[in-house]
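So this block is final22.cif, mmCIF, C-alpha atoms:
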data_work
#
loop_
_atom_site.label_atom_id
_atom_site.label_comp_id
_atom_site.auth_asym_id
_atom_site.auth_seq_id
_atom_site.Cartn_x
_atom_site.Cartn_y
_atom_site.Cartn_z
CA MET A 705 -23.76 35.38 -26.01
CA ARG A 706 -22.60 38.99 -26.25
CA HIS A 707 -25.28 39.95 -23.71
CA PHE A 708 -23.89 37.33 -21.27
CA HIS A 709 -20.37 38.74 -21.61
CA CYS A 710 -21.66 42.22 -20.88
CA ILE A 711 -23.43 41.05 -17.71
CA PHE A 712 -20.33 39.12 -16.57
CA LEU A 713 -18.07 42.13 -17.13
CA PHE A 714 -20.51 44.38 -15.24
CA SER A 715 -20.45 41.92 -12.32
CA ILE A 716 -16.65 42.00 -12.14
CA LEU A 717 -16.58 45.79 -12.24
CA LEU A 718 -19.27 46.05 -9.55
CA SER A 719 -17.38 43.66 -7.25
CA ALA A 720 -14.13 45.58 -7.70
CA SER A 721 -15.96 48.86 -7.07
CA ILE A 722 -17.52 47.60 -3.81
CA SER A 723 -14.26 46.18 -2.40
CA ALA A 724 -12.52 49.42 -3.33
CA GLN A 725 -14.89 51.28 -0.99
CA TYR A 726 -13.31 49.93 2.20
CA ARG A 727 -10.10 48.45 3.56
CA VAL A 728 -9.30 46.18 6.48
CA SER A 729 -6.30 47.11 8.61
CA GLY A 730 -4.38 45.04 11.14
CA THR A 731 -3.18 41.47 11.51
CA PHE A 732 -6.03 39.15 10.56
CA THR A 733 -7.15 36.09 8.67
CA GLU A 734 -10.62 35.10 7.51
CA GLU A 735 -12.89 32.24 6.62
CA SER A 736 -12.63 31.32 2.96
CA GLN A 737 -16.32 30.69 2.23
CA PRO A 738 -18.61 32.28 4.82
CA ALA A 739 -22.36 31.75 4.52
CA ARG A 740 -24.66 34.77 3.94
CA VAL A 741 -22.10 37.31 5.12
CA ASP A 742 -19.43 38.86 2.91
CA ARG A 743 -16.45 38.42 5.20
CA VAL A 744 -15.68 36.78 8.54
CA LEU A 745 -12.60 38.58 9.85
CA ILE A 746 -10.46 37.02 12.58
CA PHE A 747 -8.12 39.65 14.01
CA GLU A 748 -5.07 38.55 15.94
CA ASP A 749 -5.79 41.15 18.66
CA LEU A 750 -8.60 43.68 18.47
CA SER A 751 -6.93 45.81 21.13
CA ALA A 752 -4.20 46.74 18.66
CA THR A 753 -4.52 50.31 17.36
CA ASP A 754 -4.24 49.22 13.72
CA ALA A 755 -7.20 46.80 13.94
CA PHE A 756 -10.04 48.55 12.12
CA ILE A 757 -12.22 48.63 9.02
CA GLU A 758 -12.26 51.88 7.08
CA TYR A 759 -14.77 53.18 4.54
CA THR A 760 -12.81 54.66 1.60
CA GLY A 761 -15.63 55.68 -0.71
CA SER A 762 -16.71 59.23 -1.62
CA GLY A 763 -20.20 59.06 -0.12
CA VAL A 764 -21.50 59.15 3.42
CA ALA A 765 -20.64 56.10 5.52
CA ARG A 766 -23.12 54.42 7.82
CA TRP A 767 -22.28 51.49 10.06
CA CYS A 768 -25.02 49.25 11.41
CA ASP A 769 -25.25 46.01 13.36
CA LEU A 770 -26.66 42.94 11.61
CA ASN A 771 -30.14 43.87 12.76
CA GLY A 772 -29.91 47.20 10.92
CA ASN A 773 -29.42 49.42 13.97
CA THR A 774 -27.11 52.34 13.22
CA ILE A 775 -23.86 52.38 15.19
CA GLN A 776 -22.10 55.35 13.60
CA GLN A 777 -22.57 57.47 10.50
CA GLY A 778 -21.66 60.70 8.75
CA GLN A 779 -18.41 62.59 8.40
CA GLY A 780 -15.73 61.26 10.77
CA ALA A 781 -17.50 57.91 11.09
CA GLU A 782 -15.64 56.25 8.26
CA THR A 783 -13.39 54.15 10.53
CA LEU A 784 -14.90 51.35 12.61
CA TYR A 785 -13.00 49.80 15.52
CA PRO A 786 -14.92 46.54 15.77
CA ALA A 787 -15.77 44.55 18.87
CA HIS A 788 -15.33 40.81 19.33
CA ASN A 789 -18.00 38.41 18.15
CA THR A 790 -20.04 41.12 16.48
CA GLY A 791 -21.51 41.56 13.01
CA TYR A 792 -21.63 44.75 10.97
CA LYS A 793 -23.06 46.19 7.79
CA LEU A 794 -21.45 49.07 5.93
CA TYR A 795 -23.71 51.35 3.91
CA GLU A 796 -22.92 54.16 1.54
CA GLY A 797 -26.02 56.24 2.00
CA SER A 798 -28.80 53.69 1.59
CA SER A 799 -26.71 51.24 -0.48
CA LEU A 800 -25.17 48.23 1.26
CA VAL A 801 -21.45 48.07 0.61
CA ALA A 802 -20.53 44.91 2.55
CA SER A 803 -21.36 42.82 5.61
CA PHE A 804 -18.81 41.60 8.15
CA PHE A 805 -18.51 39.44 11.22
CA VAL A 806 -15.53 40.08 13.49
CA LEU A 807 -13.73 37.74 15.91
CA ASP A 808 -10.80 38.42 18.22
CA TYR A 809 -8.41 35.46 18.10
CA GLU A 810 -6.72 36.57 21.29
CA THR A 811 -9.89 35.73 23.24
CA ILE A 812 -10.62 32.37 21.57
CA LYS A 813 -7.19 30.83 20.96
CA PRO A 814 -6.60 27.36 22.44
CA VAL A 815 -5.07 27.50 25.92
CA LEU A 816 -2.96 24.53 27.04
CA SER A 817 -2.74 23.61 30.71
CA GLY A 818 0.60 23.05 32.33
CA GLU A 819 0.44 19.29 31.72
CA LEU A 820 1.91 17.87 28.53
CA PRO A 821 -0.40 15.74 26.36
CA THR A 822 -0.25 11.97 26.79
CA ALA A 823 -0.92 9.17 24.33
CA ASP A 824 -2.68 5.81 24.55
CA MET A 825 -1.30 3.34 22.00
CA PHE A 826 -3.69 0.77 20.52
CA CYS A 827 -3.51 -1.72 17.65
CA ASP A 828 -5.39 0.40 15.11
CA GLU A 829 -5.15 3.91 16.49
CA SER A 830 -3.44 6.18 18.97
CA VAL A 831 -5.41 8.55 21.17
CA ILE A 832 -3.69 11.76 22.27
CA ASN A 833 -5.16 13.20 25.45
CA ALA A 834 -4.64 16.93 25.90
CA ASP A 835 -5.88 19.23 28.65
CA ILE A 836 -6.53 22.27 26.51
CA LEU A 837 -9.36 24.78 26.47
CA VAL A 838 -10.74 25.31 22.97
CA PRO A 839 -13.33 28.10 23.10
CA ALA A 840 -16.20 27.94 20.66
CA MET A 841 -15.69 29.83 17.42
CA SER A 842 -18.75 30.87 15.44
CA TYR A 843 -20.31 33.71 13.51
CA THR A 844 -23.80 34.97 12.75
CA ASP A 845 -24.96 35.67 9.21
CA THR A 846 -27.15 38.52 8.00
CA LEU A 847 -30.28 36.44 8.57
CA GLY A 848 -29.42 35.80 12.19
CA ALA A 849 -28.34 32.14 11.77
CA ALA A 850 -25.29 30.94 13.71
CA HIS A 851 -22.46 29.01 12.01
CA THR A 852 -19.74 27.08 13.85
CA ILE A 853 -16.25 27.47 12.44
CA ASN A 854 -14.42 24.17 12.32
CA ARG A 855 -11.20 24.13 14.34
CA THR A 856 -8.47 21.60 13.65
CA ALA A 857 -5.20 20.38 15.04
CA ARG A 858 -2.32 18.88 13.12
CA ILE A 859 -0.64 15.90 14.78
CA CYS A 860 2.77 14.95 13.43
CA TYR A 861 4.71 11.81 14.31
CA THR A 862 6.98 9.12 12.89
CA THR A 863 5.79 5.77 11.56
CA LEU A 864 7.24 3.21 9.16
CA SER A 865 6.61 2.88 5.43
CA TRP A 866 7.54 -0.03 3.17
CA ASN A 867 9.65 0.97 0.16
CA GLY A 868 9.26 -2.38 -1.56
CA THR A 869 12.33 -3.99 -0.02
CA ALA A 870 12.71 -2.54 3.48
CA TRP A 871 11.05 -0.47 6.17
CA GLN A 872 12.03 3.17 6.52
CA ASP A 873 11.10 5.96 8.92
CA SER A 874 8.31 8.14 7.55
CA ALA A 875 7.12 11.46 8.97
CA VAL A 876 3.34 11.83 8.77
CA CYS A 877 0.88 14.51 9.86
CA GLU A 878 -2.83 13.99 10.44
CA THR A 879 -5.44 16.74 10.64
CA VAL A 880 -8.12 16.16 13.27
CA ASN A 881 -11.07 18.22 14.47
CA LEU A 882 -10.94 19.90 17.87
CA ARG A 883 -13.88 19.72 20.25
CA GLN A 884 -14.99 23.25 21.02
CA GLY A 885 -16.18 24.54 24.36
CA THR A 886 -14.34 21.89 26.37
CA THR A 887 -11.05 21.60 28.21
CA ARG A 888 -10.38 17.95 27.33
CA GLN A 889 -9.34 16.80 23.88
CA GLN A 890 -9.06 13.20 22.74
CA LEU A 891 -7.48 13.25 19.31
CA THR A 892 -7.28 10.01 17.33
CA VAL A 893 -4.72 9.22 14.63
CA PRO A 894 -3.70 5.98 12.87
CA ALA A 895 -1.41 3.88 15.03
CA PRO A 896 2.32 4.30 14.35
CA PHE A 897 4.42 1.23 13.56
CA THR A 898 7.49 2.39 15.47
CA ASN A 899 8.21 4.16 18.75
CA THR A 900 7.50 7.86 18.45
CA SER A 901 6.35 11.08 20.07
CA PHE A 902 3.48 13.27 18.86
CA THR A 903 3.69 16.97 18.07
CA LEU A 904 0.41 18.92 18.27
CA LEU A 905 -0.18 22.15 16.34
CA PHE A 906 -3.47 23.89 17.03
CA ASP A 907 -5.84 25.74 14.67
CA SER A 908 -4.00 24.23 11.72
CA GLN A 909 -6.70 25.54 9.38
CA TYR A 910 -4.94 28.91 9.70
CA PHE A 911 -1.43 27.72 8.84
CA GLY A 912 0.18 30.28 6.58
CA SER A 913 -2.05 33.11 7.75
CA ALA A 914 -0.81 36.36 9.30
CA ILE A 915 -2.05 35.65 12.82
CA SER A 916 0.25 34.06 15.39
CA LEU A 917 -0.93 30.58 16.36
CA PRO A 918 -0.22 28.89 19.73
CA ASP A 919 3.12 27.18 20.12
CA SER A 920 3.25 23.49 19.32
CA VAL A 921 3.50 20.94 22.12
CA GLU A 922 5.11 17.52 22.08
CA THR A 923 4.31 14.39 24.02
CA ALA A 924 6.85 12.06 25.56
CA GLN A 925 8.05 9.15 23.43
CA TYR A 926 5.83 6.08 23.50
CA ASP A 927 6.34 2.43 22.63
CA ALA A 928 4.37 1.33 19.58
CA VAL A 929 2.17 -1.77 19.75
CA ALA A 930 0.63 -1.83 16.25
CA VAL A 931 1.98 -4.54 13.96
CA THR A 932 1.99 -4.69 10.20
CA SER A 933 3.76 -6.69 7.53
CA HIS A 934 4.44 -6.79 3.82
CA PRO A 935 5.05 -10.50 3.19
CA SER A 936 6.96 -11.43 0.06
CA SER A 937 8.27 -14.57 -1.57
CA ILE A 938 11.43 -15.61 -3.37
CA THR A 939 11.14 -18.63 -5.65
CA THR A 940 14.20 -20.71 -6.49
CA SER A 941 14.45 -20.53 -10.28
CA ARG A 942 15.76 -23.25 -12.55
CA ASP A 943 17.41 -21.81 -15.64
CA TYR A 944 20.14 -24.46 -16.24
CA ASN A 945 22.51 -21.90 -17.72
CA GLY A 946 19.89 -20.69 -20.13
CA LYS A 947 18.92 -24.19 -21.28
CA GLY A 948 15.85 -26.22 -20.66
CA ALA A 949 12.99 -23.82 -21.32
CA GLU A 950 11.72 -26.01 -24.13
CA ASN A 951 12.19 -29.20 -22.10
CA GLU A 952 10.47 -28.20 -18.86
CA PRO A 953 7.33 -26.20 -19.56
CA GLN A 954 6.15 -24.07 -16.62
CA ARG A 955 9.44 -24.35 -14.80
CA PRO A 956 10.02 -21.47 -12.30
CA ILE A 957 12.19 -18.93 -14.07
CA ASP A 958 12.22 -15.96 -11.69
CA GLU A 959 11.81 -15.05 -8.03
CA THR A 960 8.21 -13.88 -8.42
CA THR A 961 6.88 -17.21 -9.72
CA LEU A 962 4.11 -18.72 -7.59
CA SER A 963 3.08 -21.48 -9.96
CA GLY A 964 4.65 -24.05 -12.20
CA SER A 965 6.40 -27.36 -12.32
CA ALA A 966 7.44 -29.18 -9.15
CA PRO A 967 9.61 -29.17 -7.21
CA LEU A 968 8.62 -25.56 -6.51
CA GLU A 969 10.86 -24.20 -3.77
CA ILE A 970 9.79 -20.86 -2.29
CA ASN A 971 11.23 -18.82 0.56
CA PHE A 972 8.50 -16.79 2.29
CA LEU A 973 9.47 -13.58 4.10
CA SER A 974 7.19 -12.04 6.73
CA ASN A 975 8.67 -8.51 6.58
CA GLY A 976 7.08 -7.44 9.84
CA ASN A 977 7.77 -4.09 11.51
CA LYS A 978 10.46 -5.31 13.86
CA PRO A 979 11.06 -4.96 16.77
CA VAL A 980 7.37 -4.20 17.40
CA ALA A 981 6.48 -7.40 15.54
CA LYS A 982 7.76 -10.33 17.60
CA TYR A 983 6.01 -13.54 16.59
CA TYR A 984 5.06 -15.26 13.33
CA HIS A 985 2.64 -17.99 12.37
CA TRP A 986 2.76 -19.60 8.92
CA ARG A 987 0.11 -22.06 7.80
CA ILE A 988 0.23 -24.04 4.55
CA LEU A 989 -2.95 -25.60 3.26
CA LYS A 990 -3.75 -27.85 0.33
CA GLY A 991 -7.42 -27.30 -0.21
CA SER A 992 -8.87 -27.34 3.29
CA THR A 993 -6.16 -29.62 4.70
CA VAL A 994 -3.44 -28.07 6.86
CA ILE A 995 -0.13 -29.58 5.83
CA ALA A 996 2.21 -27.35 7.87
CA ASP A 997 2.17 -24.91 10.81
CA ARG A 998 5.43 -23.08 11.39
CA PHE A 999 6.50 -20.19 13.62
CA ASP A 1000 9.75 -18.73 12.30
CA GLU A 1001 10.15 -15.27 10.79
CA GLU A 1002 10.92 -16.79 7.38
CA GLN A 1003 9.82 -20.08 5.88
CA ARG A 1004 11.32 -22.11 3.07
CA TYR A 1005 9.02 -24.73 1.65
CA THR A 1006 9.27 -27.06 -1.31
CA PHE A 1007 6.00 -27.98 -2.99
CA THR A 1008 6.54 -31.45 -4.39
CA GLU A 1009 2.96 -32.50 -5.16
CA ASN A 1010 0.72 -31.05 -7.80
CA GLY A 1011 -2.32 -29.08 -6.69
CA ASN A 1012 -3.40 -25.72 -5.38
CA TYR A 1013 -2.08 -24.38 -2.08
CA GLN A 1014 -2.56 -21.42 0.20
CA VAL A 1015 0.14 -20.00 2.43
CA LEU A 1016 -1.13 -17.80 5.27
CA VAL A 1017 0.93 -15.70 7.66
CA TRP A 1018 0.06 -13.79 10.82
CA VAL A 1019 2.47 -11.35 12.45
CA TYR A 1020 1.85 -10.39 16.06
CA ASN A 1021 3.16 -9.40 19.47
CA ASP A 1022 1.76 -9.62 22.99
CA SER A 1023 -0.95 -7.04 22.23
CA CYS A 1024 -1.77 -6.95 18.51
CA ILE A 1025 -1.97 -9.20 15.47
CA THR A 1026 -2.18 -8.57 11.74
CA ASP A 1027 -4.86 -10.00 9.51
CA SER A 1028 -3.65 -13.07 7.65
CA THR A 1029 -1.93 -12.54 4.32
CA VAL A 1030 -2.46 -15.22 1.69
CA PHE A 1031 -0.23 -16.52 -1.09
CA ASP A 1032 -1.89 -18.70 -3.72
CA ILE A 1033 0.40 -21.43 -5.06
CA SER A 1034 -0.32 -23.72 -8.01
CA VAL A 1035 1.80 -26.76 -8.85
CA SER A 1036 1.36 -28.32 -12.28
CA GLU A 1037 0.30 -31.87 -13.04
CA SER A 1038 3.09 -34.08 -14.24
CA LEU A 1039 4.01 -34.48 -17.91
CA LEU A 1040 6.50 -36.64 -19.80
CA LYS A 1041 7.07 -36.66 -23.56
CA VAL A 1042 9.93 -38.30 -25.45
CA PRO A 1043 11.26 -37.22 -28.88
CA ASN A 1044 12.14 -39.71 -31.61
CA VAL A 1045 15.18 -37.93 -33.04
CA PHE A 1046 18.06 -35.65 -32.02
CA THR A 1047 20.92 -34.10 -33.98
CA PRO A 1048 24.15 -33.72 -31.97
CA ASN A 1049 26.04 -31.73 -34.63
CA GLY A 1050 26.95 -28.73 -32.45
CA ASP A 1051 24.62 -26.25 -34.11
CA GLY A 1052 22.94 -25.46 -30.78
CA MET A 1053 19.62 -26.93 -31.89
CA ASN A 1054 18.36 -30.31 -30.65
CA ASP A 1055 21.91 -31.33 -29.81
CA GLU A 1056 20.88 -33.57 -26.92
CA PHE A 1057 18.36 -36.30 -26.34
CA ARG A 1058 16.14 -34.61 -23.75
CA VAL A 1059 12.64 -35.38 -22.60
CA VAL A 1060 9.90 -32.81 -22.21
CA TYR A 1061 8.59 -32.93 -18.64
CA ARG A 1062 7.11 -31.16 -15.67
CA SER A 1063 6.53 -32.02 -12.01
CA LEU A 1064 8.52 -35.26 -11.93
CA ALA A 1065 9.51 -36.67 -8.56
CA GLU A 1066 11.51 -39.62 -9.96
CA PHE A 1067 13.23 -40.13 -13.28
CA HIS A 1068 15.62 -42.67 -14.79
CA CYS A 1069 16.46 -43.15 -18.47
CA TRP A 1070 18.63 -45.92 -19.99
CA VAL A 1071 19.90 -45.81 -23.60
CA TYR A 1072 20.99 -49.01 -25.43
CA ASN A 1073 22.59 -49.60 -28.82
CA ARG A 1074 21.15 -52.05 -31.37
CA TRP A 1075 22.96 -54.92 -29.72
CA GLY A 1076 21.38 -54.20 -26.34
CA LYS A 1077 24.47 -52.70 -24.72
CA LEU A 1078 23.87 -49.87 -22.26
CA VAL A 1079 25.62 -46.76 -23.61
CA TYR A 1080 24.26 -44.03 -21.35
CA GLN A 1081 21.89 -43.37 -18.43
CA TRP A 1082 20.84 -40.39 -16.34
CA THR A 1083 18.46 -39.56 -13.47
CA ASP A 1084 17.97 -35.82 -13.80
CA PRO A 1085 15.18 -35.01 -16.28
CA ALA A 1086 16.71 -31.57 -16.81
CA LYS A 1087 19.74 -33.25 -18.40
CA GLY A 1088 20.13 -35.53 -21.40
CA TRP A 1089 22.44 -37.54 -23.65
CA ASP A 1090 24.82 -35.56 -25.87
CA GLY A 1091 25.32 -38.42 -28.34
CA THR A 1092 28.74 -39.53 -27.13
CA ILE A 1093 29.92 -42.80 -25.60
CA ASN A 1094 32.85 -42.39 -23.22
CA GLY A 1095 33.58 -39.03 -24.84
CA VAL A 1096 33.56 -40.41 -28.40
CA PRO A 1097 30.77 -39.44 -30.83
CA ALA A 1098 28.33 -42.31 -31.15
CA ALA A 1099 27.50 -43.71 -34.56
CA GLU A 1100 24.42 -42.43 -36.32
CA GLY A 1101 21.38 -44.65 -36.25
CA ALA A 1102 18.64 -45.91 -33.99
CA TYR A 1103 19.10 -46.43 -30.25
CA PHE A 1104 16.68 -47.88 -27.77
CA TYR A 1105 15.59 -46.13 -24.54
CA VAL A 1106 13.76 -47.22 -21.41
CA ILE A 1107 12.33 -44.61 -19.02
CA ARG A 1108 10.79 -44.97 -15.64
CA ALA A 1109 9.44 -41.83 -13.98
CA ARG A 1110 6.92 -40.79 -11.37
CA GLY A 1111 5.12 -37.47 -11.25
CA THR A 1112 4.30 -35.53 -8.14
CA ASP A 1113 0.66 -36.41 -8.77
CA ALA A 1114 1.31 -40.18 -8.61
CA ASP A 1115 -0.31 -42.26 -5.89
CA PRO A 1116 2.52 -43.76 -3.81
CA LYS A 1117 0.66 -47.10 -3.85
CA ASN A 1118 0.85 -47.36 -7.65
CA LYS A 1119 3.82 -49.32 -8.96
CA TYR A 1120 5.50 -49.49 -12.35
CA HIS A 1121 3.84 -51.95 -14.69
CA LYS A 1122 3.55 -52.76 -18.34
CA VAL A 1123 0.85 -50.63 -19.93
CA THR A 1124 -1.81 -52.54 -21.82
CA LYS A 1125 -5.40 -51.98 -22.86
CA LYS A 1126 -6.50 -54.01 -19.91
CA ARG A 1127 -4.16 -52.23 -17.53
CA PRO A 1128 -3.69 -48.60 -18.60
CA ALA A 1129 -1.10 -46.31 -17.07
CA ASP A 1130 -1.78 -44.98 -13.60
CA ILE A 1131 -1.85 -41.20 -13.20
CA GLY A 1132 1.66 -39.87 -12.80
CA VAL A 1133 3.38 -43.21 -13.37
CA TYR A 1134 5.46 -43.46 -16.54
CA GLN A 1135 7.06 -46.62 -17.92
CA LEU A 1136 8.10 -45.86 -21.49
CA SER A 1137 10.33 -47.45 -24.10
CA GLY A 1138 11.05 -46.79 -27.75
CA SER A 1139 13.67 -45.83 -30.28
CA ILE A 1140 15.59 -42.57 -30.55
CA ASN A 1141 17.30 -41.75 -33.83
CA LEU A 1142 20.69 -40.08 -33.73
CA ILE A 1143 21.29 -38.01 -36.89
CA ARG A 1144 24.31 -35.78 -37.11
CA GLY A 1145 23.76 -34.18 -40.50
CA LYS A 1146 25.63 -31.00 -41.31
CA LYS A 1147 26.30 -28.22 -38.90
#

Step by step, read the file and then write its structure as structure tokens.
Amino acid sequence: MRHFHCIFLFSILLSASISAQYRVSGTFTEESQPARVDRVLIFEDLSATDAFIEYTGSGVARWCDLNGNTIQQGQGAETLYPAHNTGYKLYEGSSLVASFFVLDYETIKPVLSGELPTADMFCDESVINADILVPAMSYTDTLGAAHTINRTARICYTTLSWNGTAWQDSAVCETVNLRQGTTRQQLTVPAPFTNTSFTLLFDSQYFGSAISLPDSVETAQYDAVAVTSHPSSITTSRDYNGKGAENEPQRPIDETTLSGSAPLEINFLSNGNKPVAKYYHWRILKGSTVIADRFDEEQRYTFTENGNYQVLVWVYNDSCITDSTVFDISVSESLLKVPNVFTPNGDGMNDEFRVVYRSLAEFHCWVYNRWGKLVYQWTDPAKGWDGTINGVPAAEGAYFYVIRARGTDADPKNKYHKVTKKRPADIGVYQLSGSINLIRGKK
């Protein structure tokens, strides 16, 4: 392990010693990871008097081309004024100090014609057409192999982004590759969702470097055609002033609910990128059966039958359409259970005669005293009897109830009937009777 540290330290010192033997002067940038050459230097303008590479060591400098042919050497040959698109090796005596490849950015910078770029707007992408000459940029390594340097452009424009509740303008920039050795560029970026112009910045790989890059150019403003949406839903909750959770299992309790007891009322919002998005198509299916086709921006629908549903929405205009977005809805089977006792003593617990239910389409309950007189009735299963008769507390004891109810899963052809072993209850049809005990007890 100590031996490894010694080798590592020697390597650092050797690297520092070599780089200390020369300096690069002038305005330049360079490739970050050149292959088989120490440095690829891109000078802003090789004609500038301060553009040179200088040997600073104490030995005798010798400059060669990449083939090993001597260019200059000896005293007074320490400073090299390089030529464009040429490789060099610097020796101190017979020891190689470093290898270089030099480019002159002034001769290879992108050159825009007098025409401004144009844009073609499509559903999935936008194509920016620019008449601009992009000369090839490459270097040669010490083994004679050529390497193309990737050239990029940055295209900035405005689109829309969804913040969870609304659309907002969003500035985006995309980096694209430039085609080298041609005067025609077709640069593709994701389609914007709002009207915008495009700003092009060339050789963006050198942003932040010392060299001066070409000025940016901007297209005219174009009308967007791409559509998108972020559909959402708002379910009508049933909280009954904080009561009823124990009496209606699976009732919708918040706006995000997509399943539960019927009736399940949901408002569906398309949230398309207006005004680019113009038209809307909603389709509601139960299984494979289409039960509704609607074409408004928003749709309110009440699911009254149990089962599984899908709600699909397409947003579109005269040119483009979104893929369908699907909501999965599940409506519970019906349920009806009746207690046998309640305690209306004002302690907040079991103070009313309430049924336990879900997904009921019809409900009616009658309550009679022991002499068969009707004392109370109601038709909303979410409500109940508070144990009073005309505002006066009813006497403790047994009362008799009769309930008729139909669930959302009932067949409309099935009628109420007396349930027997020979004629059991039909699915979703409830005809119940029994006694309910009113016990006040102590509060």

Got a sec to resolve the PyMOL selection byres ((chain A and resi 824) around 12) on this structure and send the residues as a compact mmCIF listing (two decimals) with C-alpha atoms, in the coordinates of the input?
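result_7.txt, freshly written:
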# COMPACT_ATOMS: atom_id res chain seq x y z
CA PRO A 821 -0.40 15.74 26.36
CA THR A 822 -0.25 11.97 26.79
CA ALA A 823 -0.92 9.17 24.33
CA MET A 825 -1.30 3.34 22.00
CA PHE A 826 -3.69 0.77 20.52
CA CYS A 827 -3.51 -1.72 17.65
CA ASP A 828 -5.39 0.40 15.11
CA GLU A 829 -5.15 3.91 16.49
CA SER A 830 -3.44 6.18 18.97
CA VAL A 831 -5.41 8.55 21.17
CA ILE A 832 -3.69 11.76 22.27
CA ASN A 833 -5.16 13.20 25.45
CA ALA A 834 -4.64 16.93 25.90
CA GLN A 890 -9.06 13.20 22.74
CA LEU A 891 -7.48 13.25 19.31
CA THR A 892 -7.28 10.01 17.33
CA VAL A 893 -4.72 9.22 14.63
CA PRO A 894 -3.70 5.98 12.87
CA ALA A 895 -1.41 3.88 15.03
CA PRO A 896 2.32 4.30 14.35
CA SER A 901 6.35 11.08 20.07
CA PHE A 902 3.48 13.27 18.86
CA THR A 923 4.31 14.39 24.02
CA ALA A 924 6.85 12.06 25.56
CA GLN A 925 8.05 9.15 23.43
CA TYR A 926 5.83 6.08 23.50
CA ASP A 927 6.34 2.43 22.63
CA ALA A 928 4.37 1.33 19.58
CA VAL A 929 2.17 -1.77 19.75
CA ALA A 930 0.63 -1.83 16.25

* **Minimum-distance residue to Thr1026 of chain A, chosen among A:Val931, A:Tyr785, A:Gly730, A:Ser913 (using only C-alpha atoms)** => A:Val931

* Report the residues retrieved by the PyMOL selection byres ((chain A and resi 1111) around 12) from the displayed file, expressed as number ranges by chain. => A: 965-967, 1008-1010, 1035-1040, 1061-1067, 1085, 1108-1110, 1112-1116, 1118, 1130-1135

Would you save the residues from that selection as a tab-separated table (two decimals), in the coordinates of the input, using C-alpha atoms?
chain	number	residue	atom	x	y	z
A	965	SER	CA	6.40	-27.36	-12.32
A	966	ALA	CA	7.44	-29.18	-9.15
A	967	PRO	CA	9.61	-29.17	-7.21
A	1008	THR	CA	6.54	-31.45	-4.39
A	1009	GLU	CA	2.96	-32.50	-5.16
A	1010	ASN	CA	0.72	-31.05	-7.80
A	1035	VAL	CA	1.80	-26.76	-8.85
A	1036	SER	CA	1.36	-28.32	-12.28
A	1037	GLU	CA	0.30	-31.87	-13.04
A	1038	SER	CA	3.09	-34.08	-14.24
A	1039	LEU	CA	4.01	-34.48	-17.91
A	1040	LEU	CA	6.50	-36.64	-19.80
A	1061	TYR	CA	8.59	-32.93	-18.64
A	1062	ARG	CA	7.11	-31.16	-15.67
A	1063	SER	CA	6.53	-32.02	-12.01
A	1064	LEU	CA	8.52	-35.26	-11.93
A	1065	ALA	CA	9.51	-36.67	-8.56
A	1066	GLU	CA	11.51	-39.62	-9.96
A	1067	PHE	CA	13.23	-40.13	-13.28
A	1085	PRO	CA	15.18	-35.01	-16.28
A	1108	ARG	CA	10.79	-44.97	-15.64
A	1109	ALA	CA	9.44	-41.83	-13.98
A	1110	ARG	CA	6.92	-40.79	-11.37
A	1112	THR	CA	4.30	-35.53	-8.14
A	1113	ASP	CA	0.66	-36.41	-8.77
A	1114	ALA	CA	1.31	-40.18	-8.61
A	1115	ASP	CA	-0.31	-42.26	-5.89
A	1116	PRO	CA	2.52	-43.76	-3.81
A	1118	ASN	CA	0.85	-47.36	-7.65
A	1130	ASP	CA	-1.78	-44.98	-13.60
A	1131	ILE	CA	-1.85	-41.20	-13.20
A	1132	GLY	CA	1.66	-39.87	-12.80
A	1133	VAL	CA	3.38	-43.21	-13.37
A	1134	TYR	CA	5.46	-43.46	-16.54
A	1135	GLN	CA	7.06	-46.62	-17.92

* **Evaluate the PyMOL selection byres ((chain A and resi 933-935) around 10) and report residues as a ChimeraX atom specification** => /A:866,868-871,897,931-932,936-937,972-978,981,1002,1016-1020,1026-1031

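Each of A:His851, A:Arg888, A:Arg883, A:Lys990 was compared to Glu735 of chain A using all atoms listed in the file, and A:His851 turns out to be the nearest.
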
* **Contacts of Thr783 of chain A at 12 Å (only C-alpha atoms; same-chain gap of 5+ positions) as a PyMOL selection string** => chain A and resi 725-729+753-761+764-767+775-778+794

Limited to C-alpha atoms, could you put the picked residues into a file as a CSV table (one decimal), keeping the file's coordinate frame?
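Ended up saving to out.csv:
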chain,number,residue,atom,x,y,z
A,725,GLN,CA,-14.9,51.3,-1.0
A,726,TYR,CA,-13.3,49.9,2.2
A,727,ARG,CA,-10.1,48.4,3.6
A,728,VAL,CA,-9.3,46.2,6.5
A,729,SER,CA,-6.3,47.1,8.6
A,753,THR,CA,-4.5,50.3,17.4
A,754,ASP,CA,-4.2,49.2,13.7
A,755,ALA,CA,-7.2,46.8,13.9
A,756,PHE,CA,-10.0,48.6,12.1
A,757,ILE,CA,-12.2,48.6,9.0
A,758,GLU,CA,-12.3,51.9,7.1
A,759,TYR,CA,-14.8,53.2,4.5
A,760,THR,CA,-12.8,54.7,1.6
A,761,GLY,CA,-15.6,55.7,-0.7
A,764,VAL,CA,-21.5,59.2,3.4
A,765,ALA,CA,-20.6,56.1,5.5
A,766,ARG,CA,-23.1,54.4,7.8
A,767,TRP,CA,-22.3,51.5,10.1
A,775,ILE,CA,-23.9,52.4,15.2
A,776,GLN,CA,-22.1,55.4,13.6
A,777,GLN,CA,-22.6,57.5,10.5
A,778,GLY,CA,-21.7,60.7,8.8
A,794,LEU,CA,-21.4,49.1,5.9
